[in-house]
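As provided, run17.cif (mmCIF, C-alpha atoms and all ligand atoms) reads as follows.
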data_start
#
loop_
_atom_site.label_atom_id
_atom_site.label_comp_id
_atom_site.auth_asym_id
_atom_site.auth_seq_id
_atom_site.Cartn_x
_atom_site.Cartn_y
_atom_site.Cartn_z
CA MET A 1 35.88 -22.59 -25.93
CA ASN A 2 35.08 -25.49 -28.20
CA ASP A 3 33.51 -27.54 -25.45
CA ALA A 4 30.78 -29.36 -27.36
CA SER A 5 29.08 -30.39 -24.13
CA GLY A 6 28.22 -26.81 -23.23
CA HIS A 7 25.63 -24.57 -24.82
CA ALA A 8 26.50 -20.90 -24.67
CA GLY A 9 25.19 -17.76 -26.23
CA GLY A 10 24.85 -14.05 -25.86
CA CYS A 11 23.70 -10.79 -27.32
CA ARG A 12 25.56 -9.17 -30.14
CA CYS A 13 27.27 -6.48 -28.03
CA GLY A 14 28.48 -9.00 -25.45
CA ALA A 15 26.86 -7.37 -22.40
CA VAL A 16 24.65 -10.43 -21.81
CA ARG A 17 26.01 -13.96 -21.81
CA PHE A 18 24.31 -17.21 -20.90
CA GLU A 19 25.03 -20.90 -20.89
CA ALA A 20 23.43 -24.25 -20.26
CA THR A 21 25.24 -27.24 -18.85
CA ALA A 22 22.84 -29.90 -20.14
CA ASP A 23 21.44 -30.58 -23.59
CA PRO A 24 18.27 -28.84 -24.74
CA HIS A 25 14.94 -30.64 -24.44
CA HIS A 26 13.25 -28.66 -27.19
CA VAL A 27 14.09 -26.83 -30.43
CA SER A 28 11.28 -25.27 -32.40
CA TYR A 29 10.02 -22.54 -34.65
CA CYS A 30 7.24 -20.30 -33.38
CA HIS A 31 4.97 -18.42 -35.75
CA CYS A 32 2.91 -16.57 -33.12
CA ALA A 33 2.34 -12.85 -33.34
CA ASP A 34 3.85 -12.19 -29.92
CA CYS A 35 7.16 -13.79 -30.90
CA ARG A 36 7.01 -11.87 -34.16
CA ARG A 37 6.74 -8.57 -32.29
CA ALA A 38 9.39 -9.55 -29.77
CA THR A 39 11.93 -10.52 -32.41
CA GLY A 40 10.95 -8.36 -35.36
CA ALA A 41 11.36 -11.42 -37.56
CA PRO A 42 8.65 -13.25 -39.55
CA VAL A 43 9.31 -16.43 -37.57
CA ALA A 44 11.14 -17.04 -34.30
CA ALA A 45 13.10 -20.10 -33.22
CA PHE A 46 13.87 -21.29 -29.71
CA VAL A 47 16.18 -23.70 -27.93
CA GLY A 48 14.64 -24.90 -24.67
CA PHE A 49 16.58 -25.97 -21.60
CA MET A 50 15.65 -26.86 -18.04
CA ALA A 51 16.05 -23.64 -16.06
CA ALA A 52 18.10 -25.37 -13.39
CA ASP A 53 20.76 -26.11 -16.00
CA THR A 54 21.10 -22.52 -17.17
CA SER A 55 22.75 -19.31 -16.02
CA ILE A 56 22.67 -15.78 -17.38
CA GLU A 57 25.17 -12.99 -16.72
CA GLY A 58 24.90 -9.32 -17.50
CA GLU A 59 23.74 -6.29 -15.56
CA ASP A 60 22.12 -4.93 -18.69
CA LEU A 61 19.68 -7.81 -19.04
CA ARG A 62 16.19 -6.34 -19.18
CA ARG A 63 12.84 -8.07 -18.82
CA PHE A 64 9.39 -7.46 -20.19
CA ASP A 65 6.37 -9.22 -18.67
CA ASN A 66 3.25 -9.96 -20.69
CA GLY A 67 0.87 -12.00 -18.57
CA PRO A 68 2.64 -15.21 -17.55
CA VAL A 69 5.33 -14.71 -20.17
CA THR A 70 8.58 -12.93 -19.43
CA ARG A 71 10.90 -12.13 -22.28
CA SER A 72 14.41 -10.89 -21.69
CA PHE A 73 16.64 -8.82 -23.91
CA CYS A 74 19.89 -6.88 -23.79
CA GLY A 75 19.28 -3.32 -22.61
CA VAL A 76 22.31 -2.10 -24.58
CA CYS A 77 22.00 -3.66 -28.04
CA GLY A 78 18.41 -4.92 -27.91
CA SER A 79 19.04 -8.55 -28.82
CA PRO A 80 16.20 -10.77 -27.61
CA ILE A 81 17.59 -13.41 -25.27
CA SER A 82 14.97 -15.64 -23.70
CA TYR A 83 11.35 -16.55 -23.18
CA ILE A 84 10.00 -17.89 -19.90
CA ASP A 85 6.39 -18.89 -19.21
CA ALA A 86 5.52 -18.93 -15.50
CA ARG A 87 3.15 -21.85 -16.10
CA ILE A 88 6.14 -23.94 -17.15
CA GLY A 89 8.66 -21.96 -15.15
CA ASP A 90 11.16 -24.78 -14.85
CA ARG A 91 12.13 -24.23 -18.49
CA VAL A 92 13.94 -21.46 -20.33
CA TYR A 93 13.73 -20.93 -24.07
CA PHE A 94 16.65 -19.05 -25.60
CA LEU A 95 16.34 -17.50 -29.04
CA LEU A 96 18.09 -19.86 -31.41
CA GLY A 97 19.77 -16.94 -33.17
CA VAL A 98 21.67 -15.81 -30.07
CA MET A 99 23.24 -19.21 -29.47
CA ASP A 100 26.99 -19.12 -30.18
CA GLN A 101 26.66 -22.12 -32.50
CA PRO A 102 23.13 -21.84 -33.89
CA ALA A 103 23.71 -24.52 -36.53
CA ARG A 104 23.86 -27.11 -33.75
CA TYR A 105 20.16 -26.70 -33.00
CA ARG A 106 17.97 -28.09 -35.74
CA PRO A 107 14.31 -27.32 -35.04
CA THR A 108 12.05 -30.36 -34.73
CA LEU A 109 8.63 -28.72 -35.08
CA HIS A 110 6.64 -25.60 -35.90
CA ALA A 111 4.32 -24.06 -33.30
CA HIS A 112 1.37 -21.68 -33.71
CA VAL A 113 1.20 -22.21 -37.47
CA ARG A 114 -2.33 -20.78 -37.38
CA GLU A 115 -0.58 -17.41 -37.13
CA GLN A 116 2.05 -18.15 -39.78
CA LEU A 117 2.51 -15.39 -42.33
CA PRO A 118 1.10 -16.33 -45.74
CA PHE A 119 4.38 -15.82 -47.59
CA VAL A 120 6.50 -17.89 -45.20
CA HIS A 121 7.14 -21.30 -46.74
CA MET A 122 9.29 -23.80 -44.90
CA PRO A 123 8.76 -27.19 -46.58
CA ASP A 124 10.86 -29.14 -44.10
CA GLY A 125 8.37 -31.91 -43.31
CA LEU A 126 8.43 -31.14 -39.58
CA PRO A 127 5.34 -31.53 -37.38
CA ARG A 128 3.18 -28.42 -37.43
CA HIS A 129 1.17 -27.49 -34.36
CA VAL A 130 -1.81 -25.19 -34.83
CA LYS A 131 -1.23 -23.72 -31.37
CA THR A 132 1.46 -24.34 -28.77
CA SER A 133 3.59 -27.45 -28.88
CA VAL A 134 4.14 -27.37 -25.11
CA PRO A 135 0.86 -27.71 -23.18
CA ARG A 136 0.47 -25.40 -20.19
CA PRO A 137 -0.92 -27.13 -17.09
CA GLU A 138 -4.00 -24.93 -16.66
CA GLU A 139 -4.66 -24.36 -20.32
CA THR A 140 -8.25 -25.26 -21.14
CA SER A 141 -9.31 -27.05 -24.29
CA SER A 142 -11.40 -24.11 -25.48
ZN ZN B 1 23.91 -6.54 -25.97
ZN ZN B 2 5.57 -17.60 -30.13
#
As structure tokens, the full file:
Amino acid sequence: MNDASGHAGGCRCGAVRFEATADPHHVSYCHCADCRRATGAPVAAFVGFMAADTSIEGEDLRRFDNGPVTRSFCGVCGSPISYIDARIGDRVYFLLGVMDQPARYRPTLHAHVREQLPFVHMPDGLPRHVKTSVPRPEETSS
């Protein structure tokens, strides 16, 4: 239960549970409009793990595809669970807020700050990426 080596989380009704057996490789804020819609919050935050280290349980897990991006959520209570991009499909990004111990995951950067809402101020001194912080292999420089 208090195993600090594991990283578990789940939706708020308990129908969906997930865990990772290795430490995350990425913790970030995302200010993009798609994350805003998906979460309903002015800024989203993610904890990224290698997919091979993760497992998800729950028959009620639902998925929504938008181009190469698949977001999952609980079909019962609606909690957003994860973000997967097929172009970097070996990684899974869980919403920081559905981790069981969210305070363990201090974000290290902001992504897509070009889309940041004008009244959101987070003077934390972290690196701020205009677009994505994780390059996609076939993404062009345009
Ligand atoms: Zn749920
Ligand atoms: Zn985003």
- Message: For ligand ZN 1 (chain B), return the neighbouring residues as a list of chain:residue names (distance at most 8 Å; all atoms listed in the file).
- Response: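 With all atoms listed in the file and a cut-off of 8 Å, ligand ZN 1 (chain B) is contacted by A:Gly10, A:Cys11, A:Arg12, A:Cys13, A:Gly14, A:Ala15, A:Val16, A:Asp60, A:Phe73, A:Cys74, A:Gly75, A:Val76, A:Cys77, A:Gly78, A:Ser79.
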Counting all atoms listed in the file, which residues of chain A fall within 12 Å of ligand ZN 2 (chain B), and what is the closest atom pair for each with its distance in Å at one decimal, ordered by chain and rising number, as a tab-separated table?
residue	atom	partner	partner_atom	distance
A:Ser28	CA	B:ZN2	ZN	9.8
A:Tyr29	CA	B:ZN2	ZN	8.0
A:Cys30	CA	B:ZN2	ZN	4.5
A:His31	CA	B:ZN2	ZN	5.7
A:Cys32	CA	B:ZN2	ZN	4.1
A:Ala33	CA	B:ZN2	ZN	6.6
A:Asp34	CA	B:ZN2	ZN	5.7
A:Cys35	CA	B:ZN2	ZN	4.2
A:Arg36	CA	B:ZN2	ZN	7.2
A:Arg37	CA	B:ZN2	ZN	9.4
A:Ala38	CA	B:ZN2	ZN	8.9
A:Thr39	CA	B:ZN2	ZN	9.8
A:Gly40	CA	B:ZN2	ZN	11.9
A:Ala41	CA	B:ZN2	ZN	11.3
A:Pro42	CA	B:ZN2	ZN	10.8
A:Val43	CA	B:ZN2	ZN	8.4
A:Ala44	CA	B:ZN2	ZN	7.0
A:Ala45	CA	B:ZN2	ZN	8.5
A:Phe46	CA	B:ZN2	ZN	9.1
A:Val69	CA	B:ZN2	ZN	10.4
A:Arg71	CA	B:ZN2	ZN	11.0
A:Ser82	CA	B:ZN2	ZN	11.6
A:Tyr83	CA	B:ZN2	ZN	9.1
A:Ile84	CA	B:ZN2	ZN	11.2
A:Asp85	CA	B:ZN2	ZN	11.0
A:Tyr93	CA	B:ZN2	ZN	10.7
A:Leu95	CA	B:ZN2	ZN	10.8
A:His110	CA	B:ZN2	ZN	9.9
A:Ala111	CA	B:ZN2	ZN	7.3
A:His112	CA	B:ZN2	ZN	6.9
A:Val113	CA	B:ZN2	ZN	9.7
A:Arg114	CA	B:ZN2	ZN	11.2
A:Glu115	CA	B:ZN2	ZN	9.3
A:Gln116	CA	B:ZN2	ZN	10.3
A:His129	CA	B:ZN2	ZN	11.6
A:Val130	CA	B:ZN2	ZN	11.6
A:Lys131	CA	B:ZN2	ZN	9.2
A:Thr132	CA	B:ZN2	ZN	8.0
A:Ser133	CA	B:ZN2	ZN	10.1
A:Val134	CA	B:ZN2	ZN	11.1
- Point-to-point distance from CA of Asp23 (chain A) to CA of Gly6 (chain A), Å rounded to tenths: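 For CA of Asp23 (chain A) relative to CA of Gly6 (chain A), the distance reads 7.8 Å.
Atom pair CA of Gly58 (chain A) / CA of Arg136 (chain A): separated by 29.4 Å.
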